[in-house]
file run04.cif (mmCIF, C-alpha atoms and all ligand atoms)
data_data
#
loop_
_atom_site.label_atom_id
_atom_site.label_comp_id
_atom_site.auth_asym_id
_atom_site.auth_seq_id
_atom_site.Cartn_x
_atom_site.Cartn_y
_atom_site.Cartn_z
CA MET A 1 17.17 -16.85 24.78
CA CYS A 2 16.54 -17.97 28.33
CA PRO A 3 13.64 -20.27 29.01
CA ALA A 4 10.67 -18.73 30.79
CA PRO A 5 10.73 -18.91 34.57
CA ALA A 6 8.51 -21.34 36.42
CA ARG A 7 4.77 -20.83 36.60
CA LYS A 8 3.21 -18.56 39.23
CA MET A 9 6.63 -17.31 40.26
CA HIS A 10 6.75 -13.87 41.81
CA ARG A 11 9.71 -11.94 40.60
CA ARG A 12 11.13 -8.51 40.19
CA VAL A 13 11.48 -7.40 36.61
CA GLN A 14 14.09 -4.87 35.54
CA TRP A 15 13.11 -2.26 33.01
CA PRO A 16 15.66 0.06 31.47
CA ASP A 17 14.67 3.65 31.99
CA ALA A 18 15.01 5.05 28.50
CA GLU A 19 15.01 8.64 29.77
CA ALA A 20 17.44 8.38 32.63
CA GLY A 21 19.51 5.52 31.24
CA THR A 22 19.07 3.72 34.57
CA ALA A 23 16.97 0.75 35.55
CA VAL A 24 13.68 0.90 37.36
CA SER A 25 12.05 -2.19 38.74
CA ALA A 26 8.54 -3.41 39.22
CA THR A 27 7.11 -6.48 40.79
CA GLY A 28 5.42 -8.82 38.38
CA ALA A 29 3.49 -11.98 39.16
CA ARG A 30 2.27 -13.99 36.28
CA ALA A 31 1.66 -17.51 35.06
CA THR A 32 4.12 -18.48 32.35
CA GLY A 33 2.81 -20.03 29.15
CA THR A 34 3.27 -23.54 27.92
CA MET A 35 1.09 -25.56 25.63
CA ASP A 36 -0.14 -27.66 28.52
CA GLY A 37 -0.41 -24.74 30.90
CA GLY A 38 2.46 -26.24 32.94
CA GLY A 39 5.84 -24.68 33.57
CA ALA A 40 8.36 -26.66 31.53
CA ALA A 41 10.78 -24.71 29.37
CA GLY A 42 11.13 -25.27 25.62
CA THR A 43 7.40 -25.55 24.98
CA LEU A 44 5.29 -23.67 22.47
CA ALA A 45 3.72 -20.26 22.92
CA VAL A 46 1.79 -20.37 19.65
CA ARG A 47 1.02 -23.22 17.31
CA CYS A 48 -1.05 -23.03 14.16
CA THR A 49 -1.71 -25.64 11.54
CA ALA A 50 -3.24 -25.24 8.10
CA LEU A 51 -4.33 -21.72 9.02
CA THR A 52 -6.33 -19.98 6.31
CA LYS A 53 -8.20 -16.72 6.13
CA HIS A 54 -10.20 -15.66 3.12
CA TYR A 55 -11.82 -12.23 2.99
CA PRO A 56 -14.86 -11.86 0.76
CA SER A 57 -14.57 -9.19 -1.92
CA LYS A 58 -16.53 -8.19 -5.03
CA SER A 59 -13.89 -9.65 -7.33
CA GLY A 60 -13.78 -12.99 -5.46
CA PRO A 61 -12.25 -14.00 -2.12
CA VAL A 62 -8.89 -12.55 -1.04
CA HIS A 63 -6.69 -15.41 0.17
CA ALA A 64 -4.86 -13.47 2.88
CA VAL A 65 -3.55 -16.55 4.75
CA ASN A 66 -3.11 -19.70 2.75
CA GLY A 67 -2.35 -22.78 4.81
CA LEU A 68 0.13 -21.50 7.39
CA ASP A 69 1.90 -23.90 9.77
CA LEU A 70 3.94 -22.30 12.56
CA GLU A 71 5.36 -23.22 15.94
CA ILE A 72 6.54 -20.31 18.08
CA ARG A 73 8.59 -21.35 21.11
CA THR A 74 8.17 -19.99 24.60
CA GLY A 75 10.85 -17.39 25.31
CA GLU A 76 11.79 -16.55 21.74
CA CYS A 77 11.42 -13.37 19.74
CA PHE A 78 9.74 -14.58 16.60
CA GLY A 79 9.35 -12.42 13.50
CA LEU A 80 6.79 -12.61 10.73
CA LEU A 81 8.65 -10.93 7.90
CA GLY A 82 7.11 -10.17 4.54
CA PRO A 83 6.04 -7.46 2.12
CA ASN A 84 2.85 -5.42 2.41
CA GLY A 85 -0.16 -7.63 1.82
CA ALA A 86 1.69 -10.85 2.71
CA GLY A 87 -0.86 -11.68 5.43
CA LYS A 88 1.16 -10.72 8.52
CA THR A 89 -1.51 -8.59 10.21
CA THR A 90 -4.23 -11.10 9.42
CA THR A 91 -2.13 -13.90 10.94
CA ILE A 92 -1.16 -12.01 14.10
CA GLU A 93 -4.74 -10.78 14.63
CA ILE A 94 -5.96 -14.39 14.48
CA PHE A 95 -3.34 -15.27 17.13
CA GLU A 96 -4.55 -12.29 19.18
CA GLY A 97 -8.15 -13.52 19.04
CA LEU A 98 -9.32 -10.45 17.10
CA LEU A 99 -10.10 -12.29 13.85
CA ALA A 100 -11.60 -15.73 13.36
CA PRO A 101 -9.79 -17.94 10.85
CA THR A 102 -11.63 -19.37 7.85
CA ALA A 103 -10.07 -22.75 8.64
CA GLY A 104 -7.18 -24.26 10.58
CA ASP A 105 -6.20 -24.77 14.17
CA VAL A 106 -4.65 -22.21 16.55
CA GLU A 107 -3.37 -22.69 20.08
CA VAL A 108 -2.00 -19.78 22.11
CA LEU A 109 -0.30 -20.53 25.45
CA GLY A 110 -1.96 -23.94 25.32
CA ARG A 111 -5.39 -22.37 25.11
CA ARG A 112 -7.93 -21.85 22.36
CA TRP A 113 -9.90 -18.77 21.42
CA GLY A 114 -13.61 -19.33 21.99
CA ARG A 115 -12.97 -21.50 25.05
CA HIS A 116 -10.44 -19.65 27.21
CA ASP A 117 -10.84 -16.05 26.12
CA ASP A 118 -10.65 -14.34 29.50
CA ASP A 119 -7.62 -16.37 30.59
CA LEU A 120 -5.85 -15.59 27.32
CA ARG A 121 -6.62 -11.87 27.39
CA GLN A 122 -5.10 -11.61 30.86
CA ARG A 123 -1.86 -13.14 29.64
CA LEU A 124 -1.32 -11.30 26.35
CA GLY A 125 -0.01 -7.86 25.46
CA ILE A 126 -1.09 -6.50 22.11
CA SER A 127 0.12 -3.55 20.09
CA LEU A 128 -1.85 -3.22 16.86
CA GLN A 129 -0.52 -2.00 13.52
CA GLU A 130 -2.35 1.27 14.16
CA THR A 131 -3.44 2.53 17.59
CA ARG A 132 -5.82 5.45 18.07
CA PHE A 133 -6.05 6.79 21.60
CA GLN A 134 -8.49 9.26 23.08
CA GLU A 135 -6.60 12.49 22.27
CA LYS A 136 -7.51 14.32 25.50
CA LEU A 137 -6.37 11.71 27.96
CA SER A 138 -2.93 12.11 29.48
CA VAL A 139 -0.21 9.49 29.02
CA LEU A 140 -0.57 8.32 32.61
CA GLU A 141 -4.36 8.19 32.36
CA VAL A 142 -4.14 5.98 29.29
CA LEU A 143 -1.75 3.63 31.06
CA ARG A 144 -3.94 3.50 34.17
CA LEU A 145 -6.92 2.71 31.95
CA PHE A 146 -5.11 -0.17 30.27
CA ARG A 147 -3.80 -1.41 33.61
CA SER A 148 -7.40 -1.57 34.87
CA PHE A 149 -8.19 -4.22 32.23
CA TYR A 150 -5.83 -6.69 33.93
CA ARG A 151 -6.24 -8.42 37.27
CA ARG A 152 -2.46 -8.25 37.77
CA GLY A 153 0.19 -6.16 36.15
CA LEU A 154 2.84 -3.49 36.50
CA GLU A 155 2.73 -0.02 37.99
CA PRO A 156 1.72 2.40 35.19
CA ALA A 157 4.40 4.88 36.30
CA ASP A 158 7.10 2.19 36.06
CA VAL A 159 6.04 1.18 32.57
CA MET A 160 5.89 4.83 31.57
CA ALA A 161 9.49 5.23 32.73
CA SER A 162 10.54 2.03 30.98
CA VAL A 163 9.44 3.42 27.60
CA GLY A 164 10.93 6.86 28.28
CA LEU A 165 7.66 8.77 28.65
CA SER A 166 7.88 9.98 32.26
CA GLU A 167 8.38 13.57 31.16
CA LYS A 168 5.15 13.33 29.19
CA SER A 169 3.15 11.88 32.09
CA SER A 170 0.54 14.65 32.14
CA ALA A 171 0.71 15.54 28.44
CA TRP A 172 -2.37 14.88 26.33
CA VAL A 173 -1.93 11.99 23.95
CA GLY A 174 -2.93 14.31 21.09
CA ARG A 175 0.26 16.31 21.72
CA LEU A 176 2.67 13.38 21.41
CA SER A 177 5.01 12.82 18.46
CA GLY A 178 4.62 9.71 16.30
CA GLY A 179 7.46 7.96 18.11
CA GLN A 180 6.08 8.85 21.56
CA ARG A 181 2.60 7.58 20.59
CA GLN A 182 4.09 4.33 19.39
CA ARG A 183 6.03 3.92 22.66
CA LEU A 184 2.77 4.56 24.51
CA ALA A 185 1.08 1.86 22.41
CA VAL A 186 3.83 -0.59 23.36
CA ALA A 187 3.59 0.52 27.02
CA CYS A 188 -0.14 -0.28 26.95
CA ALA A 189 0.76 -3.76 25.71
CA LEU A 190 3.28 -4.15 28.55
CA VAL A 191 1.27 -2.80 31.49
CA GLY A 192 -0.49 -6.14 32.08
CA ASP A 193 2.97 -7.74 32.47
CA PRO A 194 2.20 -10.19 29.64
CA GLU A 195 3.74 -13.58 29.01
CA LEU A 196 3.32 -13.14 25.29
CA LEU A 197 3.71 -9.81 23.52
CA PHE A 198 2.32 -9.20 20.03
CA LEU A 199 3.75 -6.25 18.11
CA ASP A 200 2.42 -5.52 14.63
CA GLU A 201 4.83 -3.31 12.64
CA PRO A 202 5.94 -1.42 15.75
CA THR A 203 8.40 0.88 13.98
CA THR A 204 6.75 1.56 10.63
CA GLY A 205 6.96 5.24 9.77
CA LEU A 206 9.20 6.11 12.74
CA ASP A 207 12.46 8.06 12.58
CA PRO A 208 15.71 6.13 13.23
CA GLN A 209 16.01 7.29 16.87
CA SER A 210 12.43 6.28 17.68
CA ARG A 211 13.00 2.91 16.00
CA ARG A 212 16.04 2.30 18.20
CA GLN A 213 14.04 3.22 21.31
CA ILE A 214 11.37 0.65 20.40
CA TRP A 215 14.08 -1.97 19.77
CA GLU A 216 15.51 -1.35 23.24
CA ILE A 217 12.07 -1.82 24.83
CA VAL A 218 11.60 -5.08 22.90
CA ARG A 219 15.06 -6.31 23.92
CA ALA A 220 14.39 -5.50 27.60
CA PHE A 221 11.19 -7.55 27.45
CA ALA A 222 13.01 -10.41 25.70
CA ARG A 223 15.67 -10.40 28.44
CA LEU A 224 12.92 -11.33 30.92
CA GLY A 225 12.57 -14.62 29.01
CA ARG A 226 9.13 -13.74 27.68
CA THR A 227 7.82 -14.50 24.21
CA ILE A 228 7.47 -11.87 21.48
CA VAL A 229 5.75 -12.21 18.13
CA ILE A 230 6.59 -9.25 15.93
CA THR A 231 5.64 -8.47 12.35
CA THR A 232 7.81 -6.26 10.21
CA HIS A 233 8.69 -5.55 6.64
CA TYR A 234 12.07 -4.18 7.70
CA MET A 235 14.69 -6.88 7.27
CA ASP A 236 17.21 -5.05 9.49
CA GLU A 237 14.66 -4.98 12.32
CA ALA A 238 14.08 -8.72 12.00
CA GLU A 239 17.82 -9.39 11.90
CA ARG A 240 18.45 -7.30 14.99
CA LEU A 241 15.58 -8.47 17.16
CA CYS A 242 14.46 -11.95 16.18
CA ASP A 243 15.75 -15.33 17.27
CA ARG A 244 13.81 -16.87 14.39
CA VAL A 245 11.79 -15.49 11.51
CA ALA A 246 9.21 -16.85 9.14
CA ILE A 247 9.38 -15.13 5.77
CA VAL A 248 5.78 -14.91 4.61
CA ASP A 249 4.64 -14.24 1.07
CA ARG A 250 1.07 -14.41 -0.24
CA GLY A 251 -0.16 -16.01 2.97
CA ARG A 252 2.40 -18.81 3.05
CA VAL A 253 5.68 -19.40 4.89
CA ILE A 254 8.42 -19.51 2.26
CA ALA A 255 11.40 -19.69 4.64
CA LEU A 256 11.83 -20.34 8.35
CA GLY A 257 14.86 -20.18 10.60
CA SER A 258 17.22 -17.88 12.46
CA PRO A 259 18.24 -14.81 10.46
CA LYS A 260 21.81 -16.16 10.49
CA ASP A 261 20.80 -19.57 9.12
CA LEU A 262 18.62 -18.06 6.42
CA ILE A 263 21.45 -15.77 5.36
CA THR A 264 23.94 -18.65 5.41
CA SER A 265 21.58 -20.64 3.19
CA MET A 266 22.39 -18.14 0.43
CA GLY A 267 25.83 -19.72 0.10
CA GLY A 268 28.08 -16.69 0.60
CA ALA A 269 28.02 -14.08 3.30
CA HIS A 270 28.73 -11.05 1.07
CA VAL A 271 27.27 -9.44 -2.01
CA ILE A 272 29.32 -7.58 -4.64
CA GLU A 273 27.17 -5.37 -6.84
CA PHE A 274 28.67 -3.79 -9.93
CA SER A 275 27.69 -2.20 -13.21
CA CYS A 276 29.61 -1.54 -16.39
CA ALA A 277 29.19 0.99 -19.21
CA PRO A 278 25.93 0.52 -21.15
CA GLY A 279 26.10 -2.16 -23.82
CA ALA A 280 28.85 -4.12 -22.08
CA ALA A 281 28.03 -7.78 -21.67
CA LEU A 282 29.72 -10.23 -19.33
CA ASN A 283 29.46 -13.92 -19.85
CA HIS A 284 27.62 -15.76 -17.05
CA ASP A 285 30.11 -18.64 -17.22
CA ASP A 286 33.07 -16.26 -16.83
CA LEU A 287 31.53 -14.82 -13.66
CA ALA A 288 30.67 -18.27 -12.32
CA ALA A 289 34.29 -19.33 -12.82
CA LEU A 290 35.62 -16.51 -10.62
CA PRO A 291 37.03 -17.69 -7.29
CA ALA A 292 34.72 -17.48 -4.21
CA VAL A 293 31.59 -16.73 -6.30
CA GLN A 294 28.57 -18.68 -5.04
CA GLY A 295 25.69 -17.07 -6.90
CA ILE A 296 24.97 -14.60 -9.71
CA ALA A 297 21.92 -12.38 -10.17
CA ALA A 298 22.00 -10.22 -13.27
CA GLY A 299 19.52 -7.34 -13.65
CA ALA A 300 19.34 -4.78 -16.45
CA GLY A 301 22.85 -3.29 -16.31
CA ASP A 302 23.50 -4.38 -12.71
CA THR A 303 25.05 -7.63 -11.56
CA ALA A 304 25.09 -9.00 -8.00
CA LEU A 305 27.52 -11.74 -7.02
CA THR A 306 27.08 -13.67 -3.78
CA VAL A 307 30.60 -14.44 -2.60
CA SER A 308 32.25 -16.14 0.34
CA GLU A 309 35.47 -14.10 0.28
CA PRO A 310 35.21 -10.60 -1.22
CA HIS A 311 38.97 -10.00 -0.96
CA VAL A 312 39.49 -12.95 -3.32
CA ALA A 313 36.55 -12.33 -5.66
CA ILE A 314 37.05 -8.57 -6.20
CA PRO A 315 40.63 -8.68 -7.63
CA ALA A 316 39.59 -11.57 -9.89
CA LEU A 317 36.53 -9.63 -11.08
CA LEU A 318 38.59 -6.50 -11.80
CA ALA A 319 41.10 -8.58 -13.76
CA LEU A 320 38.26 -10.12 -15.78
CA LEU A 321 36.82 -6.67 -16.61
CA GLN A 322 40.27 -5.51 -17.70
CA ARG A 323 40.74 -8.53 -19.97
CA ARG A 324 37.34 -7.82 -21.57
CA ARG A 325 38.20 -4.09 -21.79
CA LEU A 326 35.01 -3.15 -19.94
CA ASP A 327 34.65 0.12 -18.01
CA LEU A 328 33.47 -0.29 -14.44
CA LEU A 329 30.90 2.35 -13.45
CA ARG A 330 30.10 1.22 -9.92
CA LEU A 331 31.12 -1.45 -7.44
CA THR A 332 29.85 -1.89 -3.89
CA THR A 333 30.06 -4.68 -1.34
CA ARG A 334 27.78 -5.46 1.58
CA HIS A 335 26.72 -8.30 3.85
CA VAL A 336 23.97 -10.64 2.66
CA SER A 337 20.67 -9.66 4.30
CA LEU A 338 17.23 -11.17 4.71
CA GLU A 339 16.21 -8.94 1.80
CA ASP A 340 18.53 -11.01 -0.41
CA VAL A 341 16.94 -14.20 0.93
CA PHE A 342 13.49 -12.86 0.05
CA MET A 343 14.63 -11.73 -3.40
CA HIS A 344 16.31 -15.06 -4.03
CA LEU A 345 13.10 -16.92 -3.15
CA THR A 346 10.60 -14.66 -4.91
CA GLY A 347 12.49 -12.51 -7.41
CA ARG A 348 10.89 -9.45 -5.78
CA HIS A 349 11.86 -6.83 -3.23
CA LEU A 350 10.36 -6.82 0.26
CA ARG A 351 9.42 -3.18 0.23
CA ASP A 352 7.31 -1.29 -2.29
CA ASP A 353 9.71 1.65 -2.12
CA ASP A 354 12.70 -0.52 -3.16
CA VAL A 355 12.95 -0.73 -6.91
CA SER A 356 14.99 -3.12 -8.97
CA PRO A 357 18.24 -1.64 -10.16
CA ALA A 358 17.76 -0.06 -13.59
N1 LIG B 401 -10.83 -6.73 6.01
C1 LIG B 401 -10.31 -7.08 4.82
N2 LIG B 401 -11.10 -7.29 3.74
C2 LIG B 401 -10.60 -7.65 2.54
N3 LIG B 401 -9.29 -7.85 2.32
C3 LIG B 401 -8.45 -7.66 3.35
C4 LIG B 401 -8.91 -7.27 4.66
N4 LIG B 401 -7.83 -7.16 5.47
C5 LIG B 401 -6.76 -7.48 4.73
N5 LIG B 401 -7.12 -7.77 3.45
C6 LIG B 401 -6.24 -8.20 2.36
O1 LIG B 401 -5.58 -9.38 2.79
C7 LIG B 401 -4.24 -9.39 2.35
C8 LIG B 401 -3.31 -9.52 3.54
O2 LIG B 401 -3.41 -8.33 4.32
P1 LIG B 401 -2.62 -8.11 5.68
O3 LIG B 401 -2.85 -9.28 6.54
O4 LIG B 401 -2.98 -6.77 6.20
O5 LIG B 401 -1.11 -8.14 5.17
P2 LIG B 401 0.21 -7.48 5.79
O6 LIG B 401 -0.02 -7.18 7.21
O7 LIG B 401 1.27 -8.51 5.55
O8 LIG B 401 0.47 -6.23 4.98
C9 LIG B 401 -4.05 -8.12 1.54
O9 LIG B 401 -4.27 -8.43 0.18
C10 LIG B 401 -5.13 -7.21 2.07
O10 LIG B 401 -5.51 -6.27 1.10
MG MG B 402 0.18 -5.44 8.30
#
call {"tool": "encode", "arguments": {"input": "run04.cif", "output": "structure tokens"}}
result
Amino acid sequence: MCPAPARKMHRRVQWPDAEAGTAVSATGARATGTMDGGGAAGTLAVRCTALTKHYPSKSGPVHAVNGLDLEIRTGECFGLLGPNGAGKTTTIEIFEGLLAPTAGDVEVLGRRWGRHDDDLRQRLGISLQETRFQEKLSVLEVLRLFRSFYRRGLEPADVMASVGLSEKSSAWVGRLSGGQRQRLAVACALVGDPELLFLDEPTTGLDPQSRRQIWEIVRAFARLGRTIVITTHYMDEAERLCDRVAIVDRGRVIALGSPKDLITSMGGAHVIEFSCAPGAALNHDDLAALPAVQGIAAGAGDTALTVSEPHVAIPALLALLQRRRLDLLRLTTRHVSLEDVFMHLTGRHLRDDDVSPA
């Protein structure tokens, strides 16, 4: 991703017009973030060390964030990926200055909450996990209201066009669909022309088309060289959007890197999943001896092989099944995903609605 442009530079930013499929432009003027407040590229947008957050509860404290160390670079799209309850929202809300940590150190754009709050608020765009708007304000009124919170920013009408809501300009917020409301929430985060955009689960619960629209808005913002911190429990979203991800589980980072590197760390790039007739047993050593097999995960009845070359491994597997006189019930192949990385590290699925193969 391109480094952020120099500080205090006035520039024209190009937004794709999601409705018309054309570009609209707006003039943005904004200081660009570095840890020292200067303009050098390759610096950090967010740094936290030994970050912890414990919530009190009747049954003892909930350790939502448990000693998190992260460095998020200026100009990257960084994903916090993890299952529900992993501590993503708590972490991002500490970065946003909405929650105070129990312990640890946080710097955002070279500034600290409690000392530089006004400066930071002017430079950040925030879309919360859940946004409730005043139902009887129009889309444009909401955007004008949010624009009024910033000393500098973009034209509300331009931002509205950039998220594909121009047609809904005078519609009450209460009449918008879930996807349109979410695009409005992201537009409110963009209207101050932020250096650093925080998006907490921006596509959860949205239909596939609305998800793609949000992805396009995020990509357009990333193309400006700005920094994005996004939380998600959708591995495909993280793979598509993020330059780097931290996989978070139980308040700790369990893996960090580009989606590609994390997937490569699994050994092979493909997964072959197969199941045989009930009662059939395959020897682990026989599977391990098959050509191109890098890893084996056997569930109840289902086996997953991580392989480097499926076209080599599959014929050898079929020949093995034939020698053992085993009936094949199912065989599928797919690319290794971040879900596999998470499962490999934790033995669990990322999403509650994914169940282990029976
Ligand atoms: N205000 C709160 N009081 C008590 N526990 C909380 C509070 N907010 C979050 N938690 C708990 O902290 C943990 C992390 O939550 P959260 O940061 O929302 O995770 P995520 O966004 O990854 O789903 C969960 O166990 C959650 O139930
Ligand atoms: Mg959350």
call {"tool": "axis_aligned_box", "arguments": {"input": "run04.cif", "around": "ligand LIG 401 (chain B)", "padding_each_side": "3 Å", "output": "lines of an AutoDock Vina configuration file"}}
result
center_x = -4.9
center_y = -7.9
center_z = 3.7
size_x = 18.4
size_y = 9.3
size_z = 13.0
call {"tool": "residues_near_ligand", "arguments": {"input": "run04.cif", "ligand": "ligand MG 402 (chain B)", "cutoff": "12 Å", "atoms": "all atoms listed in the file", "output": "PyMOL selection string"}}
result
chain A and resi 64+80-93+127-130+199-204+230-234+248+251
call {"tool": "residues_around", "arguments": {"input": "run04.cif", "residues": "region 141-153 of chain A", "least_positions_apart": "2", "cutoff": "10 Å", "atoms": "only C-alpha atoms", "output": "number ranges by chain"}}
result
A: 26-30, 121-124, 133-139, 155-157, 159-160, 169-173, 184-185, 187-194
call {"tool": "residues_around", "arguments": {"input": "run04.cif", "residues": "Pro259 (chain A)", "least_positions_apart": "2", "cutoff": "6 Å", "atoms": "all atoms listed in the file", "output": "mmCIF file with C-alpha atoms, in the frame of the given file"}}
result
data_model
loop_
_atom_site.group_PDB
_atom_site.id
_atom_site.type_symbol
_atom_site.label_atom_id
_atom_site.label_comp_id
_atom_site.auth_asym_id
_atom_site.auth_seq_id
_atom_site.Cartn_x
_atom_site.Cartn_y
_atom_site.Cartn_z
ATOM 1 C CA GLU A 239 17.820 -9.390 11.900
ATOM 2 C CA ASP A 261 20.800 -19.570 9.120
ATOM 3 C CA LEU A 262 18.620 -18.060 6.420
#
call {"tool": "closest_residue", "arguments": {"input": "run04.cif", "among": "A:Val312, A:Ser59, A:Gly267, A:Cys77", "to": "ligand LIG 401 (chain B)", "atoms": "all atoms listed in the file"}}
result
A:Ser59
call {"tool": "atom_distance", "arguments": {"input": "run04.cif", "atom1": "CA of Thr303 (chain A)", "atom2": "CA of Leu290 (chain A)"}}
result
13.8 Å
call {"tool": "atom_distance", "arguments": {"input": "run04.cif", "atom1": "CA of Leu317 (chain A)", "atom2": "CA of Glu339 (chain A)"}}
result
24.1 Å
call {"tool": "atom_distance", "arguments": {"input": "run04.cif", "atom1": "atom N5 of ligand LIG 401 (chain B)", "atom2": "CA of Gly67 (chain A)"}}
result
15.8 Å
call {"tool": "residues_around", "arguments": {"input": "run04.cif", "residues": "Ile254 (chain A)", "least_positions_apart": "2", "cutoff": "9 Å", "atoms": "only C-alpha atoms", "output": "list in words"}}
result
Ala246, Ile247, Val248, Asp249, Arg252, Leu256, Phe342, Leu345 and Thr346 of chain A
call {"tool": "write_last_selection", "arguments": {"input": "run04.cif", "atoms": "C-alpha atoms", "output": "JSON list (two decimals), in the coordinates of the input"}}
result
[["chain", "number", "residue", "atom", "x", "y", "z"],
["A", 246, "ALA", "CA", 9.21, -16.85, 9.14],
["A", 247, "ILE", "CA", 9.38, -15.13, 5.77],
["A", 248, "VAL", "CA", 5.78, -14.91, 4.61],
["A", 249, "ASP", "CA", 4.64, -14.24, 1.07],
["A", 252, "ARG", "CA", 2.40, -18.81, 3.05],
["A", 256, "LEU", "CA", 11.83, -20.34, 8.35],
["A", 342, "PHE", "CA", 13.49, -12.86, 0.05],
["A", 345, "LEU", "CA", 13.10, -16.92, -3.15],
["A", 346, "THR", "CA", 10.60, -14.66, -4.91]]
call {"tool": "closest_residue", "arguments": {"input": "run04.cif", "among": "A:Arg73, A:Arg250, A:Lys168, A:Arg181", "to": "ligand LIG 401 (chain B)", "atoms": "all atoms listed in the file"}}
result
A:Arg250
call {"tool": "closest_residue", "arguments": {"input": "run04.cif", "among": "A:Arg132, A:His63, A:Arg223, A:Arg244", "to": "ligand LIG 401 (chain B)", "atoms": "only C-alpha atoms and all ligand atoms"}}
result
A:His63
call {"tool": "residues_around", "arguments": {"input": "run04.cif", "residues": "region 323-338 of chain A", "least_positions_apart": "5", "cutoff": "9 Å", "atoms": "only C-alpha atoms", "output": "PyMOL selection string"}}
result
chain A and resi 235-236+238-239+247+259-260+262-264+266+268-277+280-282+306+310+318+343
call {"tool": "residues_around", "arguments": {"input": "run04.cif", "residues": "Leu120 (chain A)", "least_positions_apart": "3", "cutoff": "10 Å", "atoms": "only C-alpha atoms", "output": "list of chain:residue names"}}
result
A:Gly33, A:Glu96, A:Gly97, A:Val108, A:Leu109, A:Gly110, A:Arg111, A:Arg112, A:Trp113, A:Arg115, A:His116, A:Asp117, A:Arg123, A:Leu124, A:Gly125, A:Pro194, A:Glu195, A:Leu196
call {"tool": "closest_residue", "arguments": {"input": "run04.cif", "among": "A:Leu206, A:Leu350, A:Gln294, A:Ala289", "to": "ligand LIG 401 (chain B)", "atoms": "all atoms listed in the file"}}
result
A:Leu350
call {"tool": "residues_near_point", "arguments": {"input": "run04.cif", "point": "(16.1, 5.9, 18.8)", "cutoff": "12 Å", "atoms": "all atoms listed in the file", "output": "PyMOL selection string"}}
result
chain A and resi 18-19+163-164+179-180+183+203+206-217
call {"tool": "residues_near_point", "arguments": {"input": "run04.cif", "point": "(-2.6, -24.6, 5.2)", "cutoff": "10 Å", "atoms": "only C-alpha atoms", "output": "MDAnalysis selection string"}}
result
chainID A and resid 48:53 65:69 103:105 251:253
call {"tool": "closest_residue", "arguments": {"input": "run04.cif", "among": "A:Thr74, A:Arg240, A:Ile296, A:Ser258", "to": "Val218 (chain A)", "atoms": "only C-alpha atoms"}}
result
A:Arg240
call {"tool": "closest_residue", "arguments": {"input": "run04.cif", "among": "A:Ala255, A:Val229, A:Ala300, A:Leu287", "to": "Gly79 (chain A)", "atoms": "all atoms listed in the file"}}
result
A:Val229
call {"tool": "decode", "arguments": {"input": "run04.cif", "residues": "region 87-99 of chain A", "atoms": "C-alpha atoms", "output": "PDB file, in the first residue's frame"}}
result
ATOM      1  CA  GLY A  87     -11.681  -8.938  22.583  1.00  0.00           C
ATOM      2  CA  LYS A  88     -11.760  -7.170  19.200  1.00  0.00           C
ATOM      3  CA  THR A  89     -14.341  -4.513  20.090  1.00  0.00           C
ATOM      4  CA  THR A  90     -12.730  -3.857  23.455  1.00  0.00           C
ATOM      5  CA  THR A  91      -9.343  -3.392  21.772  1.00  0.00           C
ATOM      6  CA  ILE A  92     -10.574  -1.110  18.987  1.00  0.00           C
ATOM      7  CA  GLU A  93     -12.658   0.973  21.422  1.00  0.00           C
ATOM      8  CA  ILE A  94      -9.529   1.535  23.537  1.00  0.00           C
ATOM      9  CA  PHE A  95      -7.727   2.704  20.364  1.00  0.00           C
ATOM     10  CA  GLU A  96     -10.704   4.972  19.618  1.00  0.00           C
ATOM     11  CA  GLY A  97     -10.492   6.555  23.068  1.00  0.00           C
ATOM     12  CA  LEU A  98     -13.938   5.276  24.075  1.00  0.00           C
ATOM     13  CA  LEU A  99     -12.705   2.830  26.727  1.00  0.00           C
TER      14      LEU A  99
END
